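Coordinates from my_file-v3.csv are shown below (CSV, C-alpha atoms).
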chain,number,residue,atom,x,y,z
D,198,MET,CA,-2.7,16.6,6.8
D,199,SER,CA,0.1,19.0,7.7
D,200,ARG,CA,0.6,22.1,5.5
D,201,GLY,CA,2.8,24.1,7.8
D,202,LYS,CA,6.5,23.4,8.5
D,203,PRO,CA,8.3,21.1,6.0
D,204,PRO,CA,8.3,17.4,6.8
D,205,ILE,CA,11.3,15.9,8.6
D,206,LEU,CA,11.2,12.9,6.4
D,207,SER,CA,9.5,14.2,3.2
D,208,PRO,CA,8.6,10.9,1.5
D,209,LEU,CA,6.7,9.8,4.6
D,210,LEU,CA,4.7,12.8,5.6
D,211,VAL,CA,1.3,12.5,3.9
D,212,CYS,CA,-1.5,12.2,6.5
D,213,ALA,CA,-2.1,12.7,10.1
D,214,GLY,CA,-3.8,10.6,12.8
D,215,LEU,CA,-2.7,7.7,14.8
D,216,LEU,CA,-4.7,4.9,16.3
D,217,LEU,CA,-3.3,2.7,19.1
D,218,SER,CA,-4.5,-0.8,19.6
D,219,ALA,CA,-3.3,-3.8,21.5
D,220,CYS,CA,-3.5,-7.3,20.0
D,221,GLY,CA,-3.2,-10.1,22.5
D,222,GLY,CA,-0.4,-8.8,24.7
D,223,ALA,CA,-2.4,-8.0,27.7
D,224,ALA,CA,-3.7,-11.6,28.0
D,225,ARG,CA,-0.1,-12.8,28.2
D,226,GLY,CA,1.1,-10.5,31.0
D,227,GLY,CA,2.5,-7.7,28.8
D,228,PRO,CA,3.7,-7.5,25.2
D,229,ALA,CA,7.1,-8.9,24.2
D,230,LEU,CA,7.0,-7.6,20.7
D,231,THR,CA,5.8,-4.2,19.4
D,232,VAL,CA,4.6,-3.9,15.8
D,233,TYR,CA,4.0,-0.5,14.2
D,234,SER,CA,1.5,-1.3,11.4
D,235,GLY,CA,0.2,0.7,8.5
D,236,GLN,CA,-1.5,-2.4,7.0
D,237,HIS,CA,-5.2,-3.3,7.2
D,238,GLU,CA,-6.1,-3.6,10.8
D,239,GLN,CA,-8.3,-6.7,10.3
D,240,THR,CA,-5.7,-8.6,8.4
D,241,THR,CA,-3.0,-7.5,10.9
D,242,ALA,CA,-5.1,-8.7,13.8
D,243,LEU,CA,-5.6,-12.1,12.2
D,244,LEU,CA,-1.8,-12.5,11.5
D,245,VAL,CA,-0.9,-11.4,15.0
D,246,ALA,CA,-3.4,-13.9,16.6
D,247,ALA,CA,-2.0,-16.7,14.4
D,248,PHE,CA,1.6,-15.8,15.2
D,249,GLU,CA,0.9,-15.6,19.0
D,250,LYS,CA,-0.7,-19.0,18.9
D,251,GLN,CA,2.1,-20.6,17.0
D,252,SER,CA,5.1,-18.9,18.7
D,253,GLY,CA,3.9,-18.1,22.2
D,254,ILE,CA,5.2,-14.6,21.7
D,255,ALA,CA,2.9,-11.8,22.8
D,256,VAL,CA,2.5,-8.9,20.4
D,257,SER,CA,1.3,-5.3,20.8
D,258,VAL,CA,0.2,-3.5,17.6
D,259,ARG,CA,0.2,0.2,17.1
D,260,SER,CA,-1.9,0.9,14.0
D,261,GLY,CA,-2.1,4.1,12.0
D,262,ASP,CA,-1.2,5.8,8.7
D,263,GLU,CA,2.1,4.4,7.6
D,264,ALA,CA,3.5,7.9,6.8
D,265,THR,CA,2.7,9.1,10.3
D,266,LEU,CA,4.2,6.0,11.8
D,267,GLY,CA,7.3,6.3,9.6
D,268,ASN,CA,7.8,9.9,10.8
D,269,GLN,CA,7.3,8.7,14.4
D,270,ILE,CA,10.0,6.1,14.0
D,271,LEU,CA,12.4,8.7,12.6
D,272,GLN,CA,11.7,11.0,15.5
D,273,GLU,CA,12.0,8.2,18.1
D,274,GLY,CA,15.3,7.1,16.6
D,275,GLU,CA,17.3,4.7,18.8
D,276,SER,CA,14.6,5.1,21.5
D,277,SER,CA,11.8,3.7,19.4
D,278,PRO,CA,9.8,1.0,21.1
D,279,ALA,CA,9.0,-0.5,17.7
D,280,ASP,CA,10.5,-3.9,16.9
D,281,VAL,CA,8.7,-4.4,13.5
D,282,PHE,CA,7.3,-1.9,10.9
D,283,TYR,CA,4.6,-3.5,8.7
D,284,THR,CA,3.4,-1.3,5.8
D,285,GLU,CA,1.0,-1.2,2.8
D,286,ASN,CA,3.7,0.3,0.6
D,287,THR,CA,7.4,0.2,0.3
D,288,PRO,CA,8.5,3.8,-0.2
D,289,VAL,CA,8.2,4.5,3.5
D,290,LEU,CA,10.5,1.5,4.2
D,291,GLU,CA,13.0,2.7,1.6
D,292,ALA,CA,13.0,6.1,3.2
D,293,LEU,CA,13.8,4.6,6.6
D,294,ALA,CA,16.4,2.3,5.2
D,295,LYS,CA,18.3,5.2,3.7
D,296,ARG,CA,18.6,6.6,7.2
D,297,GLY,CA,20.0,3.4,8.5
D,298,LEU,CA,17.0,2.6,10.8
D,299,LEU,CA,16.3,-0.9,9.6
D,300,ALA,CA,18.1,-4.2,10.4
D,301,GLU,CA,19.0,-6.9,7.8
D,302,VAL,CA,16.3,-9.5,7.3
D,303,SER,CA,17.1,-13.1,7.8
D,304,ALA,CA,18.4,-14.8,4.7
D,305,SER,CA,15.9,-17.7,5.0
D,306,THR,CA,13.0,-15.2,5.2
D,307,LEU,CA,14.1,-13.3,2.1
D,308,ALA,CA,14.5,-16.6,0.3
D,309,SER,CA,10.9,-17.4,0.7
D,310,VAL,CA,9.7,-14.8,-1.8
D,311,ARG,CA,11.0,-13.5,-5.1
D,312,ARG,CA,14.2,-11.5,-4.7
D,313,SER,CA,12.7,-8.6,-6.7
D,314,ASP,CA,9.8,-8.3,-4.3
D,315,SER,CA,12.1,-7.3,-1.3
D,316,SER,CA,14.7,-4.8,-0.5
D,317,ALA,CA,17.8,-4.8,-2.7
D,318,GLN,CA,19.8,-4.0,0.5
D,319,ARG,CA,18.0,-6.9,2.4
D,320,ASP,CA,16.5,-4.7,5.0
D,321,TRP,CA,12.8,-5.4,4.4
D,322,VAL,CA,10.9,-8.3,3.0
D,323,GLY,CA,7.9,-8.2,0.6
D,324,VAL,CA,4.8,-9.7,2.2
D,325,SER,CA,1.9,-9.2,-0.2
D,326,ALA,CA,0.9,-7.2,-3.3
D,327,ARG,CA,-2.0,-5.3,-4.8
D,328,VAL,CA,-2.6,-4.0,-8.3
D,329,SER,CA,-3.9,-0.6,-9.3
D,330,ALA,CA,-6.9,-0.3,-11.6
D,331,LEU,CA,-9.7,2.1,-12.6
D,332,VAL,CA,-13.1,1.8,-10.9
D,333,TYR,CA,-15.9,3.1,-13.1
D,334,ASP,CA,-19.6,3.5,-13.3
D,335,PRO,CA,-20.9,1.4,-16.3
D,336,SER,CA,-24.1,3.6,-16.4
D,337,GLN,CA,-21.9,6.6,-17.2
D,338,LEU,CA,-19.1,5.0,-19.2
D,339,ALA,CA,-19.3,2.4,-22.0
D,340,SER,CA,-16.5,-0.1,-22.3
D,341,THR,CA,-15.4,1.6,-25.5
D,342,GLN,CA,-14.8,4.8,-23.5
D,343,LEU,CA,-12.4,3.2,-21.0
D,344,PRO,CA,-8.7,4.2,-21.3
D,345,ALA,CA,-6.0,2.0,-22.5
D,346,SER,CA,-3.5,4.0,-20.4
D,347,ILE,CA,-3.8,5.7,-17.1
D,348,LEU,CA,-2.2,8.7,-18.8
D,349,GLU,CA,-5.4,9.3,-20.8
D,350,LEU,CA,-7.1,10.4,-17.6
D,351,ALA,CA,-5.4,13.8,-18.1
D,352,GLU,CA,-7.2,14.4,-21.4
D,353,PRO,CA,-10.0,17.0,-21.6
D,354,ARG,CA,-12.6,14.3,-22.3
D,355,TRP,CA,-12.4,13.3,-18.6
D,356,LYS,CA,-13.3,16.8,-17.3
D,357,GLY,CA,-15.7,16.5,-14.4
D,358,LYS,CA,-15.8,12.7,-14.5
D,359,LEU,CA,-12.9,11.7,-12.2
D,360,GLY,CA,-12.4,11.3,-8.5
D,361,PHE,CA,-9.0,10.7,-7.0
D,362,ALA,CA,-7.2,10.7,-3.6
D,363,PRO,CA,-3.7,12.3,-3.9
D,364,SER,CA,-3.1,12.2,-0.2
D,365,GLU,CA,-3.5,8.4,-0.1
D,366,THR,CA,-0.1,6.6,0.5
D,367,ASP,CA,-1.3,4.2,-2.3
D,368,PHE,CA,-1.3,7.1,-4.7
D,369,GLN,CA,2.5,7.9,-4.4
D,370,PRO,CA,3.7,4.5,-5.8
D,371,LEU,CA,1.4,5.0,-8.8
D,372,LEU,CA,2.7,8.5,-9.4
D,373,SER,CA,6.3,7.2,-8.9
D,374,ALA,CA,5.6,4.5,-11.6
D,375,ILE,CA,4.7,7.3,-14.1
D,376,VAL,CA,7.8,9.2,-13.2
D,377,LYS,CA,10.0,6.1,-13.6
D,378,LEU,CA,8.5,5.0,-16.9
D,379,ASP,CA,7.5,8.2,-18.6
D,380,GLY,CA,9.6,10.9,-16.9
D,381,THR,CA,8.9,13.8,-14.4
D,382,ALA,CA,7.5,16.2,-17.1
D,383,THR,CA,4.9,13.7,-18.2
D,384,ALA,CA,4.0,12.9,-14.6
D,385,GLU,CA,3.5,16.5,-13.8
D,386,ARG,CA,1.3,17.0,-16.9
D,387,TRP,CA,-0.7,14.0,-15.9
D,388,LEU,CA,-1.1,15.3,-12.3
D,389,ARG,CA,-2.2,18.7,-13.6
D,390,GLY,CA,-4.7,17.0,-15.8
D,391,LEU,CA,-6.2,15.1,-12.9
D,392,GLN,CA,-6.4,18.3,-11.0
D,393,SER,CA,-8.3,19.9,-13.8
D,394,ASN,CA,-10.5,16.9,-14.5
D,395,GLY,CA,-11.2,15.5,-11.1
D,396,ARG,CA,-12.7,15.8,-7.7
D,397,ILE,CA,-10.4,15.3,-4.7
D,398,TYR,CA,-11.4,12.8,-2.1
D,399,PRO,CA,-9.7,12.1,1.3
D,400,ASP,CA,-8.9,8.4,0.5
D,401,ASN,CA,-9.6,5.5,-1.9
D,402,GLU,CA,-12.5,4.2,0.2
D,403,ALA,CA,-14.2,7.5,-0.6
D,404,VAL,CA,-13.3,7.3,-4.3
D,405,VAL,CA,-14.7,3.8,-4.8
D,406,ASN,CA,-17.9,4.7,-2.8
D,407,GLN,CA,-18.6,7.8,-4.7
D,408,VAL,CA,-18.0,6.1,-8.1
D,409,ASN,CA,-20.4,3.4,-6.9
D,410,ASN,CA,-22.9,6.0,-5.9
D,411,GLY,CA,-22.6,7.8,-9.3
D,412,GLU,CA,-21.0,11.0,-8.0
D,413,SER,CA,-17.9,10.4,-10.1
D,414,ALA,CA,-17.7,8.3,-13.3
D,415,ALA,CA,-14.3,6.8,-12.6
D,416,GLY,CA,-11.3,7.0,-10.4
D,417,PRO,CA,-7.8,5.4,-10.0
D,418,ILE,CA,-7.6,3.0,-7.0
D,419,ASN,CA,-6.0,-0.2,-5.9
D,420,SER,CA,-8.3,-3.1,-7.0
D,421,TYR,CA,-8.8,-4.4,-3.4
D,422,TYR,CA,-10.9,-1.4,-2.5
D,423,TRP,CA,-13.5,-2.5,-5.0
D,424,TYR,CA,-13.6,-6.1,-3.9
D,425,ARG,CA,-14.1,-5.0,-0.3
D,426,LEU,CA,-16.9,-2.7,-1.4
D,427,ARG,CA,-18.5,-5.6,-3.3
D,428,ASP,CA,-18.4,-7.7,-0.1
D,429,GLU,CA,-20.0,-4.9,1.9
D,430,THR,CA,-22.8,-3.9,-0.5
D,431,GLY,CA,-23.5,-7.3,-2.2
D,432,SER,CA,-24.3,-7.7,-5.9
D,433,ARG,CA,-27.4,-5.6,-5.7
D,434,GLY,CA,-25.6,-2.7,-4.1
D,435,THR,CA,-22.6,-2.8,-6.4
D,436,HIS,CA,-23.1,-0.3,-9.3
D,437,SER,CA,-19.4,-0.1,-10.4
D,438,ALA,CA,-16.8,-2.3,-12.0
D,439,LEU,CA,-13.0,-2.6,-12.4
D,440,HIS,CA,-11.0,-1.8,-15.6
D,441,TYR,CA,-7.4,-2.7,-16.1
D,442,TYR,CA,-5.2,-0.8,-18.5
D,443,ALA,CA,-3.2,-2.2,-21.3
D,444,PRO,CA,-0.3,-4.6,-20.4
D,445,GLY,CA,2.8,-2.8,-19.3
D,446,ASP,CA,1.0,0.5,-18.6
D,447,PRO,CA,2.1,2.4,-15.4
D,448,GLY,CA,-1.5,2.2,-14.3
D,449,ASP,CA,-1.2,-1.6,-14.0
D,450,LEU,CA,1.2,-1.2,-11.1
D,451,VAL,CA,1.9,-4.1,-8.7
D,452,ASP,CA,2.6,-2.4,-5.4
D,453,VAL,CA,4.2,-4.5,-2.6
D,454,SER,CA,3.5,-4.4,1.1
D,455,GLY,CA,6.5,-5.1,3.2
D,456,ALA,CA,7.8,-5.5,6.7
D,457,ALA,CA,11.1,-4.7,8.5
D,458,VAL,CA,12.9,-5.2,11.8
D,459,LEU,CA,14.0,-1.9,13.4
D,460,ARG,CA,17.7,-1.6,14.1
D,461,ALA,CA,16.8,-0.2,17.5
D,462,SER,CA,14.7,-3.3,18.4
D,463,SER,CA,15.3,-4.9,21.8
D,464,HIS,CA,13.7,-8.1,20.6
D,465,LYS,CA,15.3,-8.8,17.3
D,466,ALA,CA,15.0,-12.6,17.4
D,467,ALA,CA,11.2,-12.3,18.0
D,468,ALA,CA,11.0,-9.6,15.4
D,469,GLN,CA,12.7,-11.8,12.8
D,470,ALA,CA,10.4,-14.7,13.8
D,471,PHE,CA,7.4,-12.4,13.1
D,472,LEU,CA,8.7,-11.5,9.6
D,473,ALA,CA,9.4,-15.2,8.9
D,474,PHE,CA,5.8,-16.0,9.9
D,475,LEU,CA,4.4,-13.3,7.6
D,476,ILE,CA,5.8,-15.0,4.6
D,477,SER,CA,5.3,-18.6,5.9
D,478,ARG,CA,2.6,-20.7,4.2
D,479,THR,CA,0.3,-20.1,7.3
D,480,GLY,CA,0.9,-16.4,7.2
D,481,GLN,CA,0.4,-16.1,3.5
D,482,GLU,CA,-2.8,-18.2,3.5
D,483,THR,CA,-4.1,-16.0,6.4
D,484,ILE,CA,-3.6,-13.0,4.1
D,485,ALA,CA,-5.2,-14.7,1.1
D,486,HIS,CA,-8.3,-15.6,3.2
D,487,SER,CA,-8.5,-12.3,5.1
D,488,HIS,CA,-10.7,-10.4,2.6
D,489,SER,CA,-8.0,-7.9,2.2
D,490,TYR,CA,-7.9,-9.0,-1.5
D,491,GLU,CA,-4.1,-8.7,-1.7
D,492,TYR,CA,-1.9,-11.2,-3.5
D,493,PRO,CA,0.3,-13.5,-1.4
D,494,LEU,CA,3.9,-13.3,-2.5
D,495,ARG,CA,5.0,-16.8,-1.4
D,496,PRO,CA,5.1,-19.2,-4.4
D,497,GLY,CA,2.4,-21.8,-4.3
D,498,VAL,CA,-0.1,-19.8,-2.2
D,499,SER,CA,-3.2,-18.7,-4.3
D,500,PRO,CA,-4.9,-15.4,-3.9
D,501,ALA,CA,-8.6,-15.0,-3.0
D,502,ALA,CA,-11.0,-16.6,-5.4
D,503,GLY,CA,-12.1,-14.2,-8.2
D,504,LEU,CA,-8.9,-12.1,-8.3
D,505,PRO,CA,-7.3,-12.1,-11.8
D,506,ALA,CA,-3.9,-13.6,-12.0
D,507,LEU,CA,-1.1,-11.1,-12.1
D,508,SER,CA,0.4,-12.9,-15.0
D,509,ALA,CA,-2.9,-12.4,-16.9
D,510,LEU,CA,-2.8,-8.6,-16.3
D,511,ARG,CA,0.9,-8.3,-17.4
D,512,PRO,CA,1.5,-5.3,-15.2
D,513,ALA,CA,4.3,-2.7,-15.5
D,514,ALA,CA,7.7,-4.3,-15.0
D,515,LEU,CA,8.7,-2.2,-12.0
D,516,THR,CA,10.3,-3.5,-8.8
D,517,PRO,CA,9.9,-1.7,-5.4
D,518,ALA,CA,13.6,-0.8,-5.7
D,519,GLN,CA,12.9,1.0,-8.9
D,520,LEU,CA,10.0,2.9,-7.3
D,521,GLY,CA,12.3,4.1,-4.6
D,522,ASP,CA,11.3,6.2,-1.6
D,523,GLY,CA,8.6,8.2,-3.3
D,524,GLY,CA,10.4,11.5,-3.0
D,525,ALA,CA,9.9,12.6,-6.6
D,526,ALA,CA,6.2,11.9,-6.5
D,527,LEU,CA,5.8,13.7,-3.2
D,528,ALA,CA,7.7,16.7,-4.6
D,529,LEU,CA,5.3,16.9,-7.5
D,530,GLU,CA,2.3,16.7,-5.3
D,531,GLN,CA,3.6,19.4,-3.0
D,532,LYS,CA,4.5,21.6,-6.1
D,533,LEU,CA,0.9,21.4,-7.3
D,534,GLY,CA,-0.5,22.0,-3.8
D,535,LEU,CA,-2.1,18.6,-3.5
D,536,LEU,CA,-0.5,17.9,-0.1
Structure translated into structure tokens:
Amino acid sequence: MSRGKPPILSPLLVCAGLLLSACGGAARGGPALTVYSGQHEQTTALLVAAFEKQSGIAVSVRSGDEATLGNQILQEGESSPADVFYTENTPVLEALAKRGLLAEVSASTLASVRRSDSSAQRDWVGVSARVSALVYDPSQLASTQLPASILELAEPRWKGKLGFAPSETDFQPLLSAIVKLDGTATAERWLRGLQSNGRIYPDNEAVVNQVNNGESAAGPINSYYWYRLRDETGSRGTHSALHYYAPGDPGDLVDVSGAAVLRASSHKAAAQAFLAFLISRTGQETIAHSHSYEYPLRPGVSPAAGLPALSALRPAALTPAQLGDGGAALALEQKLGLL
């Protein structure tokens, strides 16, 4: 993580590190479409393989942290080799859209998901969603001790019990939700409370692992991290559980994953076809069965078995457009020295 010179694109600069990987292109005599992906590598690989088989279009994937990739797109500008940018969170897409780097998404693609799950300016489409929750250790916390609101985690009674990952790109939409619903002053008090009460981890995988191991009693995460841990450890190795906050709480945030076509793309037709595939029934069912434990956004496609229905959770009524580019959240984290 960079702490030196100020970021060129502040809402994007969170972590460092970039991993390059090719998916299928070499077998077809060279890639015709380049995807920059901040999404789960396993899920992305499945989607790319299915798209290549269906379309005959070869794809090369550059995987890495979405903030790093977003900054790279900014620096590459009109010379970027990227045709598609596929992300876990929408703030990075909003930040690039503000700088005019994204092309308009096909109307038929946008029409396949709820309008509120995509860009208000039509320059990215929502692909899947995840919901935030609290992972906790039942041996340390009784059900009566669990918070009704995520804001309670700033209270003194949580001193020494929390783990959190402020440098995670998933953390910024959560903080943005608190800013939007409760104001910047409340968000800053909450963040200071977490600093005082909690132990900082590098990412949400570490948070869920350490809660499962008993090092921390609880931590705010996206729920899919816990489901993936459960798959890895099995029932005997799972010593933690998920808690959802009261309906409408900012802690019950539905965060959307999205994809966009780059304005500088040399293969816009293929790029639009890839976006259309992501939200097609085949693409959405691939996501649902990929063990990423994200929610498909296309109506009529069910999520993985065992996931609670979003309607049952009654999450905070916030759209990606209302969350914006994450700038206010990032500024708070920088102010408090968390980035």
Open item on the list: When you look at segment 474-481 of chain D with a cut-off of 8 Å (counting all atoms listed in the file), what residues show up, excluding the ones that are within fewer than 2 positions of it in the same chain? I need them as an MDAnalysis selection string.
Closed with: chainID D and resid 244 247:248 306 309:310 324:325 470:472 483:485 493:495 498
Go ahead and write the residues just picked, C-alpha atoms, as a PDB file, keeping the file's coordinate frame.
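Everything below was put into again-v2.pdb:
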ATOM      1  CA  LEU D 244      -1.800 -12.500  11.500  1.00  0.00           C
ATOM      2  CA  ALA D 247      -2.000 -16.700  14.400  1.00  0.00           C
ATOM      3  CA  PHE D 248       1.600 -15.800  15.200  1.00  0.00           C
ATOM      4  CA  THR D 306      13.000 -15.200   5.200  1.00  0.00           C
ATOM      5  CA  SER D 309      10.900 -17.400   0.700  1.00  0.00           C
ATOM      6  CA  VAL D 310       9.700 -14.800  -1.800  1.00  0.00           C
ATOM      7  CA  VAL D 324       4.800  -9.700   2.200  1.00  0.00           C
ATOM      8  CA  SER D 325       1.900  -9.200  -0.200  1.00  0.00           C
ATOM      9  CA  ALA D 470      10.400 -14.700  13.800  1.00  0.00           C
ATOM     10  CA  PHE D 471       7.400 -12.400  13.100  1.00  0.00           C
ATOM     11  CA  LEU D 472       8.700 -11.500   9.600  1.00  0.00           C
ATOM     12  CA  THR D 483      -4.100 -16.000   6.400  1.00  0.00           C
ATOM     13  CA  ILE D 484      -3.600 -13.000   4.100  1.00  0.00           C
ATOM     14  CA  ALA D 485      -5.200 -14.700   1.100  1.00  0.00           C
ATOM     15  CA  PRO D 493       0.300 -13.500  -1.400  1.00  0.00           C
ATOM     16  CA  LEU D 494       3.900 -13.300  -2.500  1.00  0.00           C
ATOM     17  CA  ARG D 495       5.000 -16.800  -1.400  1.00  0.00           C
ATOM     18  CA  VAL D 498      -0.100 -19.800  -2.200  1.00  0.00           C
TER      19      VAL D 498
END
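Distances from D:Ala414, D:Ile254, D:Leu348, D:Ala362 to Arg386 of chain D were compared using all atoms listed in the file, and the smallest one belongs to D:Leu348.
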Open item on the list: If we count all atoms listed in the file and set the cut-off at 12 Å, which residues sit around Gly360 of chain D, ignoring sequence neighbours fewer than 3 positions away in its own chain? Please answer as a ChimeraX atom specification.
Closed with: /D:331-334,350,355-357,363,391-409,411-418
What does the file look like for those residues with C-alpha atoms, as a short mmCIF file (atom, residue, chain, number, x, y, z; two decimals), in the frame of the given file?
data_model
loop_
_atom_site.label_atom_id
_atom_site.label_comp_id
_atom_site.auth_asym_id
_atom_site.auth_seq_id
_atom_site.Cartn_x
_atom_site.Cartn_y
_atom_site.Cartn_z
CA LEU D 331 -9.70 2.10 -12.60
CA VAL D 332 -13.10 1.80 -10.90
CA TYR D 333 -15.90 3.10 -13.10
CA ASP D 334 -19.60 3.50 -13.30
CA LEU D 350 -7.10 10.40 -17.60
CA TRP D 355 -12.40 13.30 -18.60
CA LYS D 356 -13.30 16.80 -17.30
CA GLY D 357 -15.70 16.50 -14.40
CA PRO D 363 -3.70 12.30 -3.90
CA LEU D 391 -6.20 15.10 -12.90
CA GLN D 392 -6.40 18.30 -11.00
CA SER D 393 -8.30 19.90 -13.80
CA ASN D 394 -10.50 16.90 -14.50
CA GLY D 395 -11.20 15.50 -11.10
CA ARG D 396 -12.70 15.80 -7.70
CA ILE D 397 -10.40 15.30 -4.70
CA TYR D 398 -11.40 12.80 -2.10
CA PRO D 399 -9.70 12.10 1.30
CA ASP D 400 -8.90 8.40 0.50
CA ASN D 401 -9.60 5.50 -1.90
CA GLU D 402 -12.50 4.20 0.20
CA ALA D 403 -14.20 7.50 -0.60
CA VAL D 404 -13.30 7.30 -4.30
CA VAL D 405 -14.70 3.80 -4.80
CA ASN D 406 -17.90 4.70 -2.80
CA GLN D 407 -18.60 7.80 -4.70
CA VAL D 408 -18.00 6.10 -8.10
CA ASN D 409 -20.40 3.40 -6.90
CA GLY D 411 -22.60 7.80 -9.30
CA GLU D 412 -21.00 11.00 -8.00
CA SER D 413 -17.90 10.40 -10.10
CA ALA D 414 -17.70 8.30 -13.30
CA ALA D 415 -14.30 6.80 -12.60
CA GLY D 416 -11.30 7.00 -10.40
CA PRO D 417 -7.80 5.40 -10.00
CA ILE D 418 -7.60 3.00 -7.00
#
Open item on the list: Using Å and a single decimal, report how far atom CA of Tyr441 of chain D sits from atom CA of Val322 of chain D.
Closed with: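 Distance reported for this atom pair: 27.0 Å.
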Open item on the list: Need the shell around segment 232-236 of chain D: protein/DNA/RNA residues with any atom at most 10 Å away, counting all atoms listed in the file. Skip same-chain ones fewer than 6 positions apart. Format as a VMD selection string?
Closed with: chain D and resid 215 217 219 to 220 242 245 256 to 267 269 to 270 278 to 286 366 454 to 459 468 471 489
Task: Test item: residues at most 9 Å from Ile347 of chain D, only C-alpha atoms, excluding those fewer than 3 positions along its chain, as a PyMOL selection string - done: chain D and resi 330-331+344+350-351+387+417+442-443+446-449
Selected residues written out, C-alpha atoms, as a short mmCIF file (atom, residue, chain, number, x, y, z; two decimals), keeping the file's coordinate frame:
data_model
loop_
_atom_site.label_atom_id
_atom_site.label_comp_id
_atom_site.auth_asym_id
_atom_site.auth_seq_id
_atom_site.Cartn_x
_atom_site.Cartn_y
_atom_site.Cartn_z
CA ALA D 330 -6.90 -0.30 -11.60
CA LEU D 331 -9.70 2.10 -12.60
CA PRO D 344 -8.70 4.20 -21.30
CA LEU D 350 -7.10 10.40 -17.60
CA ALA D 351 -5.40 13.80 -18.10
CA TRP D 387 -0.70 14.00 -15.90
CA PRO D 417 -7.80 5.40 -10.00
CA TYR D 442 -5.20 -0.80 -18.50
CA ALA D 443 -3.20 -2.20 -21.30
CA ASP D 446 1.00 0.50 -18.60
CA PRO D 447 2.10 2.40 -15.40
CA GLY D 448 -1.50 2.20 -14.30
CA ASP D 449 -1.20 -1.60 -14.00
#
TODO: Just the residues within 12 Å of segment 504-508 of chain D, please, counting only C-alpha atoms, with nothing from its chain fewer than 3 positions along; format it as a ChimeraX atom specification.
DONE: /D:326-330,420-421,423-425,439-441,444-445,449-452,485,488-494,499-501,511-514
Could you give me, as a Markdown table, a per-residue list for segment 277-338 of chain D showing, wherever an atom lies at most 8 Å from an atom of segment 521-524 of chain D, the closest pair of atoms and their distance in Å to one decimal, using only C-alpha atoms and sorting by chain then residue number from low to high?
| residue | atom | partner | partner_atom | distance |
| --- | --- | --- | --- | --- |
| D:Thr287 | CA | D:Asp522 | CA | 7.4 |
| D:Pro288 | CA | D:Asp522 | CA | 3.9 |
| D:Val289 | CA | D:Asp522 | CA | 6.2 |
| D:Leu290 | CA | D:Asp522 | CA | 7.5 |
| D:Glu291 | CA | D:Asp522 | CA | 5.0 |
| D:Ala292 | CA | D:Asp522 | CA | 5.1 |
Let's have the selection written as a compact mmCIF listing (two decimals), in the frame of the given file, with C-alpha atoms.
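Printed below is out05.txt as written:
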# COMPACT_ATOMS: atom_id res chain seq x y z
CA THR D 287 7.40 0.20 0.30
CA PRO D 288 8.50 3.80 -0.20
CA VAL D 289 8.20 4.50 3.50
CA LEU D 290 10.50 1.50 4.20
CA GLU D 291 13.00 2.70 1.60
CA ALA D 292 13.00 6.10 3.20
- [ ] Figure out the distance between atom CA of Leu230 of chain D and atom CA of His464 of chain D, please, to one decimal in Å.
- [x]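 These two atoms are separated by 6.7 Å.
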TODO: Quick one: pull the distance between atom CA of Val302 of chain D and atom CA of Gly323 of chain D, Å, one decimal.
DONE: 10.8 Å
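Each of D:Lys465, D:Lys532, D:Lys295, D:His486 was checked against Arg389 of chain D using all atoms listed in the file; the smallest atom-to-atom distance is that of D:Lys532.
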